[in-house]
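Reproduced below: entry-v6.cif, with mmCIF, C-alpha atoms and all ligand atoms.
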data_input
loop_
_atom_site.label_atom_id
_atom_site.label_comp_id
_atom_site.auth_asym_id
_atom_site.auth_seq_id
_atom_site.Cartn_x
_atom_site.Cartn_y
_atom_site.Cartn_z
CA ALA A 103 11.09 -15.96 -9.49
CA THR A 104 9.53 -18.82 -7.61
CA PRO A 105 5.76 -18.87 -8.05
CA THR A 106 5.45 -21.32 -5.15
CA ALA A 107 6.76 -18.75 -2.66
CA LEU A 108 4.27 -16.23 -4.06
CA MET A 109 1.40 -18.68 -3.66
CA VAL A 110 2.48 -19.56 -0.12
CA GLY A 111 2.69 -15.86 0.79
CA THR A 112 -0.65 -14.91 -0.68
CA GLY A 113 -2.25 -18.04 0.78
CA ARG A 114 -0.95 -17.19 4.25
CA GLY A 115 -2.27 -13.63 3.81
CA ALA A 116 -5.70 -14.85 2.76
CA LYS A 117 -5.95 -16.89 5.95
CA MET A 118 -5.29 -13.72 7.96
CA GLY A 119 -7.85 -11.77 5.95
CA ILE A 120 -5.15 -9.95 3.97
CA LEU A 121 -5.75 -10.28 0.24
CA ILE A 122 -2.78 -9.53 -1.96
CA LYS A 123 -4.57 -8.90 -5.26
CA ASN A 124 -1.68 -7.52 -7.19
CA SER A 125 1.75 -9.11 -6.78
CA GLU A 126 3.41 -5.97 -8.20
CA VAL A 127 2.99 -4.26 -4.83
CA LEU A 128 5.41 -6.81 -3.36
CA GLU A 129 8.29 -5.10 -5.15
CA GLU A 130 7.47 -1.76 -3.56
CA VAL A 131 7.00 -2.63 0.12
CA ASN A 132 10.70 -2.82 1.00
CA ASP A 133 11.07 0.88 0.21
CA VAL A 134 7.88 2.25 1.78
CA LYS A 135 8.77 5.27 3.94
CA THR A 136 5.35 6.82 4.56
CA VAL A 137 1.95 5.36 5.39
CA VAL A 138 -0.86 7.75 4.50
CA MET A 139 -4.31 7.04 5.90
CA ASP A 140 -7.79 8.36 5.23
CA LYS A 141 -9.67 9.29 8.43
CA THR A 142 -13.34 8.32 8.14
CA GLY A 143 -13.85 4.54 7.99
CA THR A 144 -10.10 3.85 7.98
CA ILE A 145 -8.83 5.26 11.29
CA THR A 146 -12.32 5.85 12.67
CA LYS A 147 -15.27 3.44 12.78
CA GLY A 148 -17.05 5.21 9.95
CA LYS A 149 -20.26 5.22 12.00
CA PRO A 150 -20.75 8.86 12.90
CA GLU A 151 -23.38 9.86 15.47
CA VAL A 152 -25.04 13.19 16.18
CA THR A 153 -23.91 14.45 19.58
CA ASP A 154 -25.01 18.11 19.71
CA ILE A 155 -27.54 20.34 17.97
CA ILE A 156 -27.36 24.12 18.36
CA GLY A 157 -30.46 26.14 17.42
CA ASN A 158 -34.14 25.12 17.41
CA GLU A 159 -33.51 21.37 17.50
CA LYS A 160 -36.77 20.37 15.79
CA GLN A 161 -36.46 22.88 12.97
CA VAL A 162 -32.76 22.17 12.44
CA LEU A 163 -33.44 18.43 12.16
CA GLU A 164 -36.47 18.92 9.90
CA ILE A 165 -34.47 20.91 7.36
CA ALA A 166 -31.27 18.85 7.66
CA SER A 167 -32.99 15.47 7.35
CA ALA A 168 -35.02 16.63 4.35
CA LEU A 169 -31.79 17.43 2.52
CA GLU A 170 -29.77 14.42 3.68
CA GLU A 171 -32.52 12.03 2.56
CA SER A 172 -30.95 12.15 -0.91
CA SER A 173 -27.31 11.89 0.20
CA GLU A 174 -25.27 8.72 0.70
CA HIS A 175 -22.58 10.35 2.84
CA PRO A 176 -21.92 8.79 6.28
CA LEU A 177 -22.77 12.19 7.85
CA ALA A 178 -26.18 12.04 6.16
CA THR A 179 -26.85 8.64 7.72
CA ALA A 180 -26.00 10.04 11.16
CA ILE A 181 -28.42 12.95 10.72
CA LEU A 182 -31.22 10.70 9.40
CA ASP A 183 -30.77 8.28 12.32
CA LYS A 184 -31.09 11.16 14.78
CA ALA A 185 -34.19 12.54 13.04
CA LYS A 186 -35.77 9.10 13.11
CA ALA A 187 -35.00 8.65 16.81
CA ASP A 188 -36.63 12.03 17.52
CA GLN A 189 -39.61 11.16 15.28
CA ILE A 190 -39.04 14.13 13.00
CA THR A 191 -40.95 14.09 9.72
CA SER A 192 -38.97 15.85 7.05
CA ASN A 193 -40.25 18.03 4.22
CA THR A 194 -39.79 17.10 0.58
CA VAL A 195 -37.15 18.93 -1.40
CA ASP A 196 -36.57 20.03 -5.00
CA ASP A 197 -33.35 20.64 -6.93
CA PHE A 198 -31.17 18.47 -4.67
CA GLN A 199 -27.46 18.92 -5.22
CA ALA A 200 -24.44 17.26 -3.60
CA ILE A 201 -21.42 19.53 -3.49
CA GLU A 202 -18.25 17.39 -3.24
CA GLY A 203 -16.30 17.89 -0.03
CA LYS A 204 -18.66 20.62 1.13
CA GLY A 205 -22.22 19.41 1.69
CA VAL A 206 -25.67 19.36 0.11
CA SER A 207 -28.23 21.94 -0.99
CA ALA A 208 -31.85 21.95 -2.19
CA THR A 209 -35.04 24.00 -2.28
CA ILE A 210 -37.72 23.56 0.39
CA ASN A 211 -41.06 25.35 -0.20
CA GLY A 212 -39.31 27.68 -2.62
CA GLN A 213 -36.55 28.57 -0.16
CA LYS A 214 -32.91 27.63 -0.62
CA ALA A 215 -31.59 25.33 2.09
CA PHE A 216 -28.21 23.73 2.75
CA VAL A 217 -26.27 21.47 5.11
CA GLY A 218 -22.50 21.50 5.03
CA ASN A 219 -19.19 22.86 6.25
CA ASP A 220 -17.93 26.44 6.21
CA LYS A 221 -16.67 26.09 2.61
CA LEU A 222 -20.31 25.92 1.57
CA LEU A 223 -21.30 29.17 3.29
CA ASN A 224 -19.90 31.65 0.74
CA ASP A 225 -21.35 35.02 1.78
CA VAL A 226 -23.50 33.77 4.65
CA LYS A 227 -22.06 35.18 7.89
CA ILE A 228 -21.51 33.10 11.04
CA ASP A 229 -22.13 35.16 14.18
CA GLU A 230 -19.47 35.23 16.88
CA GLU A 231 -21.24 33.02 19.38
CA LEU A 232 -21.95 30.29 16.83
CA HIS A 233 -18.35 30.50 15.64
CA ALA A 234 -17.09 29.97 19.20
CA GLN A 235 -19.38 26.97 19.61
CA MET A 236 -18.14 25.52 16.32
CA ILE A 237 -14.50 25.75 17.47
CA LYS A 238 -15.27 24.19 20.85
CA LEU A 239 -17.04 21.23 19.22
CA GLN A 240 -14.31 20.74 16.60
CA ASN A 241 -11.66 20.66 19.34
CA GLU A 242 -13.67 17.78 20.85
CA ALA A 243 -13.05 15.87 17.57
CA LYS A 244 -16.61 16.49 16.36
CA THR A 245 -17.40 17.34 12.74
CA VAL A 246 -19.61 20.42 12.54
CA VAL A 247 -22.10 21.08 9.75
CA PHE A 248 -24.15 24.23 9.37
CA VAL A 249 -27.83 24.13 8.51
CA GLY A 250 -29.05 27.07 6.45
CA LEU A 251 -32.40 28.32 5.20
CA ALA A 252 -33.03 31.39 3.03
CA ASP A 253 -29.46 32.71 3.33
CA GLN A 254 -29.44 32.39 7.11
CA ILE A 255 -27.78 29.86 9.38
CA ILE A 256 -30.50 28.34 11.55
CA GLY A 257 -28.23 26.05 13.53
CA LEU A 258 -25.45 23.55 13.57
CA ILE A 259 -25.10 19.83 14.08
CA ALA A 260 -22.07 18.18 15.67
CA ILE A 261 -21.27 14.63 14.63
CA GLN A 262 -18.74 12.32 16.21
CA ASP A 263 -17.01 9.33 14.65
CA ALA A 264 -14.81 7.58 17.21
CA PRO A 265 -11.49 5.93 16.32
CA LYS A 266 -11.55 2.12 15.97
CA GLU A 267 -10.31 0.45 19.18
CA THR A 268 -7.19 -0.87 17.43
CA SER A 269 -6.12 2.28 15.55
CA LYS A 270 -3.83 3.62 18.26
CA GLU A 271 -1.90 0.35 18.56
CA ALA A 272 -1.73 0.06 14.77
CA ILE A 273 -0.13 3.47 14.41
CA ALA A 274 2.34 2.85 17.27
CA THR A 275 3.49 -0.32 15.47
CA LEU A 276 4.00 1.50 12.15
CA LYS A 277 5.98 4.24 13.91
CA SER A 278 8.13 1.69 15.77
CA ARG A 279 9.15 0.34 12.36
CA GLY A 280 10.43 3.77 11.39
CA LEU A 281 7.51 4.66 9.13
CA ARG A 282 6.15 8.20 8.90
CA THR A 283 2.36 8.27 9.51
CA VAL A 284 0.11 10.83 7.82
CA MET A 285 -3.67 11.41 7.95
CA LEU A 286 -5.28 12.71 4.76
CA THR A 287 -8.87 13.88 5.13
CA GLY A 288 -11.60 16.09 3.74
CA ASP A 289 -12.67 16.96 7.25
CA ASN A 290 -11.79 20.13 9.11
CA LYS A 291 -8.23 20.62 10.44
CA ARG A 292 -9.26 21.01 14.09
CA VAL A 293 -11.30 17.79 14.03
CA ALA A 294 -8.54 15.93 12.21
CA ASP A 295 -5.89 17.18 14.67
CA ALA A 296 -8.00 16.06 17.63
CA ILE A 297 -8.37 12.53 16.19
CA ALA A 298 -4.68 12.43 15.18
CA GLN A 299 -3.68 13.24 18.72
CA GLU A 300 -5.94 10.51 20.11
CA VAL A 301 -4.33 7.84 17.94
CA GLY A 302 -0.76 9.18 17.73
CA ILE A 303 -0.53 10.13 14.03
CA ASP A 304 2.58 12.22 13.18
CA GLU A 305 1.16 14.54 10.56
CA VAL A 306 -2.23 15.82 9.37
CA ILE A 307 -3.31 17.06 5.96
CA ALA A 308 -6.93 18.25 6.32
CA ASP A 309 -9.58 20.16 4.35
CA VAL A 310 -8.59 18.19 1.25
CA LEU A 311 -11.15 18.18 -1.56
CA PRO A 312 -11.90 14.65 -2.90
CA GLY A 313 -10.17 15.37 -6.22
CA ASP A 314 -6.97 16.49 -4.50
CA LYS A 315 -6.13 13.41 -2.40
CA ALA A 316 -4.02 11.80 -5.16
CA ASP A 317 -2.00 15.01 -5.61
CA HIS A 318 -1.08 14.96 -1.92
CA VAL A 319 0.07 11.34 -2.25
CA LYS A 320 2.20 12.36 -5.23
CA ALA A 321 3.81 15.17 -3.23
CA LEU A 322 4.59 12.78 -0.36
CA GLN A 323 6.26 10.40 -2.84
CA GLU A 324 9.13 12.89 -3.11
CA ASN A 325 10.35 11.52 0.23
CA GLY A 326 10.19 7.85 -0.76
CA LYS A 327 7.59 5.23 -1.51
CA VAL A 328 4.10 5.73 -0.13
CA ALA A 329 1.46 3.28 1.06
CA PHE A 330 -2.07 4.72 1.11
CA VAL A 331 -4.88 3.19 3.16
CA GLY A 332 -8.48 4.15 2.41
CA ASP A 333 -12.07 3.04 1.96
CA GLY A 334 -14.11 5.69 0.18
CA ILE A 335 -15.06 6.58 -3.40
CA ASN A 336 -12.92 9.67 -2.92
CA ASP A 337 -9.93 7.48 -1.98
CA ALA A 338 -9.80 5.53 -5.26
CA PRO A 339 -7.43 7.90 -7.14
CA ALA A 340 -5.06 8.05 -4.12
CA LEU A 341 -5.09 4.23 -3.88
CA THR A 342 -4.07 4.04 -7.53
CA MET A 343 -1.43 6.78 -7.22
CA ALA A 344 0.26 5.23 -4.16
CA ASP A 345 3.11 2.70 -4.58
CA VAL A 346 1.11 0.36 -2.33
CA GLY A 347 -2.66 0.89 -2.27
CA ILE A 348 -4.40 -0.76 0.69
CA ALA A 349 -8.22 -0.80 0.79
CA MET A 350 -10.50 -1.65 3.68
CA GLY A 351 -12.77 -4.61 2.87
CA SER A 352 -15.71 -2.61 4.22
CA GLY A 353 -14.97 0.09 1.68
CA THR A 354 -16.79 1.03 -1.50
CA ASP A 355 -16.37 -1.25 -4.53
CA ILE A 356 -14.28 1.29 -6.36
CA ALA A 357 -11.83 1.58 -3.44
CA ILE A 358 -11.49 -2.21 -3.25
CA GLU A 359 -10.91 -2.38 -7.01
CA SER A 360 -8.21 0.30 -6.76
CA GLY A 361 -6.23 -1.33 -3.94
CA GLY A 362 -3.42 -3.84 -4.52
CA ILE A 363 -4.06 -5.21 -1.04
CA VAL A 364 -7.45 -5.56 0.69
CA LEU A 365 -7.85 -5.84 4.48
CA MET A 366 -10.92 -8.02 5.04
CA LYS A 367 -11.04 -7.43 8.81
CA ASN A 368 -10.99 -3.64 8.44
CA ASP A 369 -8.43 -3.56 11.22
CA LEU A 370 -5.72 -0.92 10.86
CA ARG A 371 -3.26 -3.27 12.61
CA ASP A 372 -3.33 -5.38 9.45
CA VAL A 373 -1.48 -2.63 7.56
CA ALA A 374 1.75 -3.47 9.42
CA LYS A 375 1.02 -7.20 9.00
CA ALA A 376 0.39 -6.78 5.28
CA LEU A 377 3.63 -4.86 4.80
CA GLU A 378 5.59 -7.49 6.72
CA LEU A 379 4.02 -10.42 4.88
CA SER A 380 4.64 -8.75 1.51
CA LYS A 381 8.28 -8.12 2.43
CA LYS A 382 8.85 -11.74 3.45
CA THR A 383 7.09 -13.06 0.35
CA PHE A 384 9.10 -10.79 -1.92
CA ASN A 385 12.42 -11.74 -0.31
CA ARG A 386 11.60 -15.41 -0.95
CA ILE A 387 10.64 -15.01 -4.60
CA LYS A 388 13.35 -12.62 -5.77
P1 LIG A 401 -13.71 12.46 4.22
O1 LIG A 401 -14.40 11.19 3.79
O2 LIG A 401 -12.25 12.46 3.84
O3 LIG A 401 -13.87 12.75 5.68
P2 LIG A 401 -15.51 14.08 2.43
O4 LIG A 401 -14.84 14.71 1.26
O5 LIG A 401 -16.44 12.96 2.17
O6 LIG A 401 -14.35 13.72 3.48
O7 LIG A 401 -16.32 15.22 3.21
C1 LIG A 401 -15.66 16.36 3.66
C2 LIG A 401 -16.58 17.30 4.39
O8 LIG A 401 -17.63 17.78 3.51
C3 LIG A 401 -17.33 16.68 5.56
O9 LIG A 401 -16.54 16.66 6.73
C4 LIG A 401 -18.51 17.66 5.69
O10 LIG A 401 -18.11 18.83 6.36
C5 LIG A 401 -18.83 18.02 4.23
N1 LIG A 401 -19.91 17.16 3.67
C6 LIG A 401 -19.77 16.26 2.66
N2 LIG A 401 -20.96 15.66 2.39
C7 LIG A 401 -21.86 16.13 3.28
C8 LIG A 401 -23.26 15.89 3.53
N3 LIG A 401 -23.99 15.01 2.84
N4 LIG A 401 -23.84 16.58 4.53
C9 LIG A 401 -23.13 17.46 5.27
N5 LIG A 401 -21.83 17.74 5.08
C10 LIG A 401 -21.19 17.10 4.10
MG MG A 402 -13.16 7.24 4.34
#
Using structure tokens, write down the structure from this file.
Ligand code: ADP
Ligand code: MG
Amino acid sequence: ATPTALMVGTGRGAKMGILIKNSEVLEEVNDVKTVVMDKTGTITKGKPEVTDIIGNEKQVLEIASALEESSEHPLATAILDKAKADQITSNTVDDFQAIEGKGVSATINGQKAFVGNDKLLNDVKIDEELHAQMIKLQNEAKTVVFVGLADQIIGLIAIQDAPKETSKEAIATLKSRGLRTVMLTGDNKRVADAIAQEVGIDEVIADVLPGDKADHVKALQENGKVAFVGDGINDAPALTMADVGIAMGSGTDIAIESGGIVLMKNDLRDVAKALELSKKTFNRIK
């Protein structure tokens, strides 16, 4: 091996904002067949905004913001921003609980309250009209969360996270190189499909619980080497499992630590550039 070629390659990458942290990934890139991407913060901007509220808007926001005060999820930030803009003062809560991949719950004035997706509802029934509204909003690529109080749904909040401007071009480039593109997300299938269609992704795996992302990567590895691109805490195991783990520089520390390559510009187009640079560098050093 020629260490000079490796240094030149990694140096060139660094100038482009592509950090090759782990030179072992260079051996894998030639055989990558599939690029798997997380949705929120990777394909999309990761800055979700509240677009619609169904129900008594003030009450829905009061309850939802009280619960989301203790959450660090991007959806929580969107709800708190909206409550602030509408000058809603939220109640204090007891017994706060975050339920991975589902939502949050707590007690407000002795009553059980929750904000989250349909997996969190258990026995609470959604009436037909609300269900129809949920489907309509999800088809518009909006994430829907239900707000519940005392075993009743009091409303829903729709939240939109638009794709990054460069995501569509990035995916077209990957596909033109013969790579299979897959979105892997904890969000709802309808929302994920709508975003996938906007940006041209081949395949969608949705409703994935945080702990299951790595298993999906493993299954995809049966068809050849896999690159995984992600940014969240819940992406760390998948980044480690993948043959080439690529983290967004804007991601959480644990995601960055788990990636062999880090994209400092958070631009999905740099995935294709990183793969190309790694290939060239490897072909020079081998
Ligand atoms: P991803 O980052 O892949 O989109 P997550 O596992 O973080 O997925 O979240 C999956 C789903 O769980 C969200 O789309 C939402 O429906 C629900 N959820 C998670 N955390 C919250 C929260 N704090 N408030 C409301 N809903 C939440
Ligand atoms: Mg993410």
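The residue set within 10 Å of A:Glu159, counting only C-alpha atoms and dropping same-chain residues fewer than 3 places from it, reads A:Asp154, A:Ile155, A:Ile156, A:Val162, A:Leu163, A:Glu164, A:Ala185, A:Asp188, A:Ile256, A:Gly257, A:Leu258, A:Ile259.
Considering all atoms listed in the file, the residue among A:Gly111, A:Gly250, A:Pro265, A:Gly334 positioned nearest to ligand MG 402 (chain A) is A:Gly334.
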Skipping near chain neighbours, those fewer than 5 positions away, what residues fall within 7 Å of A:Val310 using only C-alpha atoms, listed as a VMD selection string?
chain A and resid 287 to 288 315
Counting all atoms listed in the file, which residues of chain A sit at most 6 Å from some atom of ligand LIG 401 (chain A), and what is each one's closest atom pair with its distance in Å to one decimal, listed by chain and rising residue number, as CSV?
residue,atom,partner,partner_atom,distance
A:Thr142,CA,A:LIG401,O3,5.1
A:Glu170,CA,A:LIG401,N3,5.9
A:Ser173,CA,A:LIG401,N3,5.3
A:His175,CA,A:LIG401,N3,4.9
A:Leu177,CA,A:LIG401,N4,5.6
A:Ala178,CA,A:LIG401,N3,5.0
A:Gly203,CA,A:LIG401,O4,3.7
A:Lys204,CA,A:LIG401,O8,3.8
A:Gly205,CA,A:LIG401,C10,3.5
A:Val206,CA,A:LIG401,N3,5.4
A:Val217,CA,A:LIG401,C9,5.1
A:Gly218,CA,A:LIG401,N5,3.8
A:Asn219,CA,A:LIG401,O10,4.2
A:Val247,CA,A:LIG401,O10,5.7
A:Thr287,CA,A:LIG401,O2,3.9
A:Gly288,CA,A:LIG401,O6,3.6
A:Asp289,CA,A:LIG401,O9,3.9
A:Leu311,CA,A:LIG401,O4,5.8
A:Pro312,CA,A:LIG401,O4,5.1
Output the neighbourhood of ligand MG 402 (chain A) as a PyMOL selection string, that is, all protein and nucleic acid residues with some atom at most 12 Å from the ligand, counting all atoms listed in the file.
chain A and resi 139-150+175-177+203+263+285-289+312+315+330-338+340-341+349-354+357+368
Using all atoms listed in the file, pick whichever of A:Ser207, A:Thr136, A:Gln254, A:Ala260 has the shortest atom-to-atom distance to A:Asp304.
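Of A:Ser207, A:Thr136, A:Gln254, A:Ala260, the one nearest A:Asp304 is A:Thr136, counting all atoms listed in the file.
What separates atom CA of A:Asp183 from atom CA of A:Ile356 is a distance of 25.9 Å.
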Tell me which residues come within 12 Å of (-0.7, 2.0, 15.1), as a ChimeraX atom specification, counting only C-alpha atoms in the file's coordinates.
/A:137,139,144-145,265-284,298,300-304,369-375
Create the file for the chosen residues now, containing C-alpha atoms and written as a PDB file, in the coordinates of the input.
ATOM      1  CA  VAL A 137       1.950   5.360   5.390  1.00  0.00           C
ATOM      2  CA  MET A 139      -4.310   7.040   5.900  1.00  0.00           C
ATOM      3  CA  THR A 144     -10.100   3.850   7.980  1.00  0.00           C
ATOM      4  CA  ILE A 145      -8.830   5.260  11.290  1.00  0.00           C
ATOM      5  CA  PRO A 265     -11.490   5.930  16.320  1.00  0.00           C
ATOM      6  CA  LYS A 266     -11.550   2.120  15.970  1.00  0.00           C
ATOM      7  CA  GLU A 267     -10.310   0.450  19.180  1.00  0.00           C
ATOM      8  CA  THR A 268      -7.190  -0.870  17.430  1.00  0.00           C
ATOM      9  CA  SER A 269      -6.120   2.280  15.550  1.00  0.00           C
ATOM     10  CA  LYS A 270      -3.830   3.620  18.260  1.00  0.00           C
ATOM     11  CA  GLU A 271      -1.900   0.350  18.560  1.00  0.00           C
ATOM     12  CA  ALA A 272      -1.730   0.060  14.770  1.00  0.00           C
ATOM     13  CA  ILE A 273      -0.130   3.470  14.410  1.00  0.00           C
ATOM     14  CA  ALA A 274       2.340   2.850  17.270  1.00  0.00           C
ATOM     15  CA  THR A 275       3.490  -0.320  15.470  1.00  0.00           C
ATOM     16  CA  LEU A 276       4.000   1.500  12.150  1.00  0.00           C
ATOM     17  CA  LYS A 277       5.980   4.240  13.910  1.00  0.00           C
ATOM     18  CA  SER A 278       8.130   1.690  15.770  1.00  0.00           C
ATOM     19  CA  ARG A 279       9.150   0.340  12.360  1.00  0.00           C
ATOM     20  CA  GLY A 280      10.430   3.770  11.390  1.00  0.00           C
ATOM     21  CA  LEU A 281       7.510   4.660   9.130  1.00  0.00           C
ATOM     22  CA  ARG A 282       6.150   8.200   8.900  1.00  0.00           C
ATOM     23  CA  THR A 283       2.360   8.270   9.510  1.00  0.00           C
ATOM     24  CA  VAL A 284       0.110  10.830   7.820  1.00  0.00           C
ATOM     25  CA  ALA A 298      -4.680  12.430  15.180  1.00  0.00           C
ATOM     26  CA  GLU A 300      -5.940  10.510  20.110  1.00  0.00           C
ATOM     27  CA  VAL A 301      -4.330   7.840  17.940  1.00  0.00           C
ATOM     28  CA  GLY A 302      -0.760   9.180  17.730  1.00  0.00           C
ATOM     29  CA  ILE A 303      -0.530  10.130  14.030  1.00  0.00           C
ATOM     30  CA  ASP A 304       2.580  12.220  13.180  1.00  0.00           C
ATOM     31  CA  ASP A 369      -8.430  -3.560  11.220  1.00  0.00           C
ATOM     32  CA  LEU A 370      -5.720  -0.920  10.860  1.00  0.00           C
ATOM     33  CA  ARG A 371      -3.260  -3.270  12.610  1.00  0.00           C
ATOM     34  CA  ASP A 372      -3.330  -5.380   9.450  1.00  0.00           C
ATOM     35  CA  VAL A 373      -1.480  -2.630   7.560  1.00  0.00           C
ATOM     36  CA  ALA A 374       1.750  -3.470   9.420  1.00  0.00           C
ATOM     37  CA  LYS A 375       1.020  -7.200   9.000  1.00  0.00           C
TER      38      LYS A 375
END
Can you tell me how far atom CA of A:Lys382 sits from atom CA of A:Gly326, in Å to one decimal?
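For atom CA of A:Lys382 relative to atom CA of A:Gly326, the distance reads 20.1 Å.
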Could you check how far atom CA of A:Ile261 sits from atom CA of A:Asp355, in Å to one decimal?
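That distance, rounded to one decimal, is 25.4 Å.
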Leaving out A:Glu378 and any residue of its chain fewer than 5 positions from it, which residues lie within 9 Å of it when counting all atoms listed in the file, given as JSON, numbers by chain?
{"A": [131, 132, 373, 383]}
What lies within 12 Å of A:Thr194 using all atoms listed in the file, ignoring chain neighbours under 6 positions off, as number ranges by chain?
A: 164-172, 208-213, 215
When distances are computed from all atoms listed in the file, which of A:Ser125, A:Thr106, A:Gln189, A:Gln299 shows the smallest separation from A:Val346?
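Checking each candidate against A:Val346, we get A:Ser125 as the closest.
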Which residue, A:Gly362, A:Gly157, A:Ile181, A:Lys214, has the smallest gap to A:Val195 when you use only C-alpha atoms?
A:Lys214
